[in-house]
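upload_11.txt follows; it contains compact mmCIF, N, CA and C atoms.
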```txt
# COMPACT_ATOMS: atom_id res chain seq x y z
N MET A 234 0.84 -1.18 0.00
CA MET A 234 0.00 0.00 0.00
C MET A 234 0.89 1.25 0.00
N ILE A 235 0.48 2.22 -0.73
CA ILE A 235 1.16 3.52 -0.72
C ILE A 235 0.48 4.37 0.34
N TYR A 236 1.30 5.04 1.15
CA TYR A 236 0.72 5.92 2.16
C TYR A 236 1.33 7.31 2.04
N VAL A 237 0.56 8.27 2.50
CA VAL A 237 1.02 9.65 2.60
C VAL A 237 0.76 10.07 4.04
N MET A 238 1.82 10.51 4.70
CA MET A 238 1.71 10.99 6.08
C MET A 238 2.08 12.47 6.10
N GLN A 239 1.57 13.16 7.11
CA GLN A 239 1.89 14.58 7.25
C GLN A 239 2.28 14.86 8.69
N ALA A 240 3.36 15.60 8.85
CA ALA A 240 3.82 16.02 10.18
C ALA A 240 3.28 17.41 10.47
N GLY A 241 2.89 17.62 11.71
CA GLY A 241 2.34 18.92 12.08
C GLY A 241 0.95 19.10 11.51
N GLY A 242 0.56 20.33 11.36
CA GLY A 242 -0.78 20.63 10.84
C GLY A 242 -0.77 20.80 9.34
N LYS A 243 -1.82 21.41 8.83
CA LYS A 243 -1.91 21.66 7.39
C LYS A 243 -0.68 22.45 6.94
N GLY A 244 -0.15 22.05 5.82
CA GLY A 244 1.05 22.72 5.31
C GLY A 244 2.34 22.11 5.82
N GLY A 245 2.25 21.13 6.71
CA GLY A 245 3.44 20.48 7.24
C GLY A 245 4.06 19.53 6.23
N PRO A 246 5.29 19.08 6.48
CA PRO A 246 5.95 18.18 5.54
C PRO A 246 5.19 16.88 5.34
N ILE A 247 5.36 16.31 4.15
CA ILE A 247 4.65 15.11 3.71
C ILE A 247 5.66 13.97 3.53
N LYS A 248 5.28 12.78 3.94
CA LYS A 248 6.09 11.59 3.71
C LYS A 248 5.31 10.66 2.79
N ILE A 249 5.97 10.20 1.73
CA ILE A 249 5.37 9.25 0.79
C ILE A 249 6.13 7.94 0.94
N GLY A 250 5.41 6.86 1.18
CA GLY A 250 6.09 5.59 1.35
C GLY A 250 5.24 4.40 0.97
N TYR A 251 5.86 3.23 1.08
CA TYR A 251 5.18 1.97 0.80
C TYR A 251 5.33 1.07 2.01
N ARG A 252 4.24 0.41 2.37
CA ARG A 252 4.26 -0.55 3.47
C ARG A 252 3.01 -1.39 3.40
N ARG A 253 3.11 -2.65 3.70
CA ARG A 253 1.91 -3.49 3.71
C ARG A 253 0.94 -3.05 4.79
N ARG A 254 1.47 -2.56 5.89
CA ARG A 254 0.64 -2.11 7.01
C ARG A 254 1.03 -0.68 7.40
N PRO A 255 0.47 0.31 6.70
CA PRO A 255 0.86 1.70 6.95
C PRO A 255 0.68 2.15 8.40
N LYS A 256 -0.33 1.64 9.09
CA LYS A 256 -0.55 2.07 10.48
C LYS A 256 0.60 1.62 11.37
N GLN A 257 1.18 0.47 11.07
CA GLN A 257 2.36 0.03 11.83
C GLN A 257 3.54 0.96 11.55
N ARG A 258 3.69 1.39 10.32
CA ARG A 258 4.77 2.32 9.97
C ARG A 258 4.58 3.63 10.71
N LEU A 259 3.36 4.08 10.82
CA LEU A 259 3.08 5.31 11.56
C LEU A 259 3.57 5.19 13.00
N SER A 260 3.36 4.04 13.61
CA SER A 260 3.77 3.86 15.01
C SER A 260 5.29 3.89 15.17
N THR A 261 6.04 3.61 14.10
CA THR A 261 7.50 3.70 14.20
C THR A 261 8.01 5.11 13.89
N ILE A 262 7.23 5.89 13.16
CA ILE A 262 7.64 7.25 12.80
C ILE A 262 7.31 8.24 13.91
N ARG A 263 6.19 8.09 14.54
CA ARG A 263 5.74 9.06 15.56
C ARG A 263 6.77 9.31 16.66
N PRO A 264 7.35 8.28 17.28
CA PRO A 264 8.27 8.55 18.39
C PRO A 264 9.50 9.36 18.00
N GLY A 265 9.95 9.26 16.76
CA GLY A 265 11.14 9.98 16.33
C GLY A 265 10.88 11.35 15.75
N ASN A 266 9.64 11.79 15.78
CA ASN A 266 9.30 13.08 15.19
C ASN A 266 8.83 14.04 16.28
N HIS A 267 9.34 15.24 16.26
CA HIS A 267 8.98 16.21 17.30
C HIS A 267 7.58 16.80 17.09
N GLU A 268 6.97 16.56 15.93
CA GLU A 268 5.61 17.02 15.68
C GLU A 268 4.70 15.81 15.55
N SER A 269 3.41 16.04 15.70
CA SER A 269 2.47 14.94 15.51
C SER A 269 2.49 14.53 14.04
N VAL A 270 2.30 13.24 13.78
CA VAL A 270 2.29 12.71 12.42
C VAL A 270 0.99 11.94 12.25
N ARG A 271 0.35 12.13 11.09
CA ARG A 271 -0.91 11.43 10.84
C ARG A 271 -0.93 10.93 9.40
N ILE A 272 -1.67 9.87 9.17
CA ILE A 272 -1.86 9.37 7.81
C ILE A 272 -2.94 10.21 7.16
N VAL A 273 -2.64 10.73 5.97
CA VAL A 273 -3.63 11.55 5.25
C VAL A 273 -4.19 10.82 4.04
N ALA A 274 -3.51 9.75 3.57
CA ALA A 274 -4.01 8.98 2.44
C ALA A 274 -3.35 7.61 2.40
N ILE A 275 -4.13 6.62 1.98
CA ILE A 275 -3.63 5.27 1.74
C ILE A 275 -4.24 4.80 0.43
N GLY A 276 -3.42 4.18 -0.41
CA GLY A 276 -3.93 3.68 -1.69
C GLY A 276 -3.17 2.46 -2.16
N ASP A 277 -3.71 1.81 -3.16
CA ASP A 277 -3.05 0.64 -3.72
C ASP A 277 -1.76 1.04 -4.41
N GLY A 278 -0.79 0.15 -4.36
CA GLY A 278 0.47 0.40 -5.05
C GLY A 278 1.57 -0.48 -4.47
N ASP A 279 2.69 -0.49 -5.17
CA ASP A 279 3.83 -1.29 -4.75
C ASP A 279 5.07 -0.39 -4.69
N ARG A 280 6.22 -1.00 -4.50
CA ARG A 280 7.45 -0.20 -4.41
C ARG A 280 7.73 0.57 -5.70
N GLY A 281 7.35 -0.02 -6.83
CA GLY A 281 7.52 0.68 -8.11
C GLY A 281 6.72 1.97 -8.14
N LYS A 282 5.49 1.91 -7.67
CA LYS A 282 4.63 3.10 -7.61
C LYS A 282 5.21 4.13 -6.64
N GLU A 283 5.73 3.63 -5.51
CA GLU A 283 6.36 4.53 -4.54
C GLU A 283 7.51 5.28 -5.19
N HIS A 284 8.39 4.58 -5.91
CA HIS A 284 9.53 5.22 -6.56
C HIS A 284 9.08 6.20 -7.64
N GLU A 285 8.01 5.85 -8.34
CA GLU A 285 7.45 6.74 -9.36
C GLU A 285 6.99 8.06 -8.71
N LEU A 286 6.33 7.95 -7.57
CA LEU A 286 5.87 9.16 -6.87
C LEU A 286 7.05 9.97 -6.34
N HIS A 287 8.09 9.30 -5.85
CA HIS A 287 9.28 10.00 -5.38
C HIS A 287 9.92 10.80 -6.52
N ARG A 288 9.99 10.20 -7.71
CA ARG A 288 10.54 10.93 -8.87
C ARG A 288 9.64 12.10 -9.26
N LYS A 289 8.35 11.85 -9.28
CA LYS A 289 7.40 12.88 -9.70
C LYS A 289 7.48 14.12 -8.82
N PHE A 290 7.66 13.92 -7.52
CA PHE A 290 7.67 15.05 -6.60
C PHE A 290 9.08 15.42 -6.13
N SER A 291 10.10 14.99 -6.84
CA SER A 291 11.48 15.21 -6.40
C SER A 291 11.82 16.70 -6.19
N LYS A 292 11.18 17.57 -6.92
CA LYS A 292 11.49 19.01 -6.76
C LYS A 292 11.01 19.55 -5.40
N PHE A 293 10.15 18.80 -4.72
CA PHE A 293 9.66 19.22 -3.40
C PHE A 293 10.37 18.50 -2.25
N ARG A 294 11.33 17.61 -2.59
CA ARG A 294 12.00 16.79 -1.58
C ARG A 294 12.76 17.62 -0.56
N ILE A 295 12.57 17.26 0.69
CA ILE A 295 13.34 17.86 1.79
C ILE A 295 14.54 16.96 2.06
N ARG A 296 14.22 15.67 2.33
CA ARG A 296 15.25 14.67 2.62
C ARG A 296 14.58 13.30 2.62
N GLY A 297 15.24 12.33 2.01
CA GLY A 297 14.69 10.97 2.01
C GLY A 297 13.31 10.93 1.37
N GLU A 298 12.33 10.44 2.14
CA GLU A 298 10.96 10.33 1.65
C GLU A 298 10.08 11.48 2.12
N TRP A 299 10.68 12.54 2.64
CA TRP A 299 9.93 13.70 3.15
C TRP A 299 9.96 14.83 2.13
N TYR A 300 8.80 15.47 1.95
CA TYR A 300 8.61 16.50 0.94
C TYR A 300 7.93 17.72 1.55
N ASN A 301 8.24 18.89 1.00
CA ASN A 301 7.49 20.08 1.38
C ASN A 301 6.06 19.91 0.90
N TYR A 302 5.14 20.41 1.68
CA TYR A 302 3.73 20.34 1.30
C TYR A 302 3.52 21.12 0.02
N CYS A 303 2.69 20.57 -0.87
CA CYS A 303 2.25 21.28 -2.06
C CYS A 303 0.91 20.70 -2.48
N ASP A 304 0.11 21.45 -3.18
CA ASP A 304 -1.20 20.98 -3.61
C ASP A 304 -1.09 19.77 -4.53
N GLU A 305 0.00 19.67 -5.28
CA GLU A 305 0.17 18.54 -6.21
C GLU A 305 0.20 17.20 -5.47
N ILE A 306 0.84 17.18 -4.33
CA ILE A 306 0.91 15.92 -3.57
C ILE A 306 -0.42 15.64 -2.94
```
File written out as structure tokens:
Amino acid sequence: MIYVMQAGGKGGPIKIGYRRRPKQRLSTIRPGNHESVRIVAIGDGDRGKEHELHRKFSKFRIRGEWYNYCDEI
């Protein structure tokens, strides 16, 4: 499953990733983040789709799988 998470409130950074169980991934991300993190979208997809999305939004990349918020994402 492809997931999109957001740190902080609206306009906060976005994480795009792949995981069979996105809610479990959320539980590993929350403790290491100084802001609240929530899942904002979950959809079908595999690692190939995840990499496609990373390339598509590369101009918004902050670091790793984290991106600046934008309407396109």
Of the listed residues A:Ile247, A:Ala274, A:Gln257, A:Val237, that which approaches Cys303 (chain A) most closely, counting all atoms listed in the file: A:Ile247
Two-atom distance - atom N of Lys292 (chain A), CA of Arg253 (chain A) (Å):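 Atom-to-atom, atom N of Lys292 (chain A) and CA of Arg253 (chain A) are spaced 25.3 Å apart.
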Which residue out of A:Arg280, A:Ala240, A:Ile262, A:Val273 has the minimum interatomic distance to Ile306 (chain A) when only C-alpha atoms are used?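 Closest residue, counting only C-alpha atoms: A:Val273.
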Where in chain A does DSSP assign strand (DSSP E), given as JSON, numbers by chain? {"A": [235, 236, 237, 238, 239, 240, 247, 248, 249, 250, 251, 270, 271, 272, 273, 274, 275, 276, 294, 295, 296, 299, 300]}
Kindly export the residues of the current selection with N, CA and C atoms, as a compact mmCIF listing (two decimals), keeping the file's coordinate frame.
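Writing the result to out.txt gives the following:
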```
# COMPACT_ATOMS: atom_id res chain seq x y z
N ILE A 235 0.48 2.22 -0.73
CA ILE A 235 1.16 3.52 -0.72
C ILE A 235 0.48 4.37 0.34
N TYR A 236 1.30 5.04 1.15
CA TYR A 236 0.72 5.92 2.16
C TYR A 236 1.33 7.31 2.04
N VAL A 237 0.56 8.27 2.50
CA VAL A 237 1.02 9.65 2.60
C VAL A 237 0.76 10.07 4.04
N MET A 238 1.82 10.51 4.70
CA MET A 238 1.71 10.99 6.08
C MET A 238 2.08 12.47 6.10
N GLN A 239 1.57 13.16 7.11
CA GLN A 239 1.89 14.58 7.25
C GLN A 239 2.28 14.86 8.69
N ALA A 240 3.36 15.60 8.85
CA ALA A 240 3.82 16.02 10.18
C ALA A 240 3.28 17.41 10.47
N ILE A 247 5.36 16.31 4.15
CA ILE A 247 4.65 15.11 3.71
C ILE A 247 5.66 13.97 3.53
N LYS A 248 5.28 12.78 3.94
CA LYS A 248 6.09 11.59 3.71
C LYS A 248 5.31 10.66 2.79
N ILE A 249 5.97 10.20 1.73
CA ILE A 249 5.37 9.25 0.79
C ILE A 249 6.13 7.94 0.94
N GLY A 250 5.41 6.86 1.18
CA GLY A 250 6.09 5.59 1.35
C GLY A 250 5.24 4.40 0.97
N TYR A 251 5.86 3.23 1.08
CA TYR A 251 5.18 1.97 0.80
C TYR A 251 5.33 1.07 2.01
N VAL A 270 2.30 13.24 13.78
CA VAL A 270 2.29 12.71 12.42
C VAL A 270 0.99 11.94 12.25
N ARG A 271 0.35 12.13 11.09
CA ARG A 271 -0.91 11.43 10.84
C ARG A 271 -0.93 10.93 9.40
N ILE A 272 -1.67 9.87 9.17
CA ILE A 272 -1.86 9.37 7.81
C ILE A 272 -2.94 10.21 7.16
N VAL A 273 -2.64 10.73 5.97
CA VAL A 273 -3.63 11.55 5.25
C VAL A 273 -4.19 10.82 4.04
N ALA A 274 -3.51 9.75 3.57
CA ALA A 274 -4.01 8.98 2.44
C ALA A 274 -3.35 7.61 2.40
N ILE A 275 -4.13 6.62 1.98
CA ILE A 275 -3.63 5.27 1.74
C ILE A 275 -4.24 4.80 0.43
N GLY A 276 -3.42 4.18 -0.41
CA GLY A 276 -3.93 3.68 -1.69
C GLY A 276 -3.17 2.46 -2.16
N ARG A 294 11.33 17.61 -2.59
CA ARG A 294 12.00 16.79 -1.58
C ARG A 294 12.76 17.62 -0.56
N ILE A 295 12.57 17.26 0.69
CA ILE A 295 13.34 17.86 1.79
C ILE A 295 14.54 16.96 2.06
N ARG A 296 14.22 15.67 2.33
CA ARG A 296 15.25 14.67 2.62
C ARG A 296 14.58 13.30 2.62
N TRP A 299 10.68 12.54 2.64
CA TRP A 299 9.93 13.70 3.15
C TRP A 299 9.96 14.83 2.13
N TYR A 300 8.80 15.47 1.95
CA TYR A 300 8.61 16.50 0.94
C TYR A 300 7.93 17.72 1.55
```
Excluding Gly250 (chain A) and residues on its chain fewer than 5 positions from it, collect all residues at most 6.5 Å away from it, counting all atoms listed in the file, and give them as a list in words.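 In the requested form, the answer reads Met234, Ile235, Tyr236, Val237, Met238 and Glu283 of chain A.
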Box dimensions and centre (Å, one decimal) enclosing region 284-294 of chain A, axis-aligned, 4 Å extra per side, as AutoDock Vina command-line options:
```
--center_x 9.3 --center_y 12.1 --center_z -5.1 --size_x 14.9 --size_y 23.0 --size_z 17.1
```
Find the residues around region 295-298 of chain A up to 6 Å (only C-alpha atoms counted), leave out those fewer than 2 positions away in its own chain, and share them as a count of residues only. 3
Nearest candidate to Ile275 (chain A) (options A:Arg254, A:Trp299, A:Gly245, A:Glu305; using only C-alpha atoms):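 Selected residue with least distance to Ile275 (chain A): A:Arg254.
Nearest-residue note for Gly244 (chain A): choosing from A:Thr261, A:Ser291, A:Asn266, A:Asn301, the minimum distance belongs to A:Asn301, counting all atoms listed in the file.
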Could you check how far atom C of Asp304 (chain A) sits from CA of His284 (chain A), in Å to one decimal? 18.1 Å
Report as a ChimeraX atom specification all protein, DNA and RNA residues lying within 8 Å of Lys282 (chain A), evaluated on all atoms listed in the file, omitting residues in the same chain fewer than 4 positions from it. /A:235,250-251,277-278,286-288
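Note that DSSP on the backbone gives helix (DSSP H, G or I) to these residues of region 238-287 of chain A: Pro255, Lys256, Gln257, Arg258, Leu259, Ser260, Thr261, Ile262, Arg263, Pro264, Gly265, Arg280, Gly281, Lys282, Glu283, His284, Glu285, Leu286 and His287 of chain A.
Between atom C of Gly241 (chain A) and atom C of Ser269 (chain A) there is a distance of 5.4 Å.
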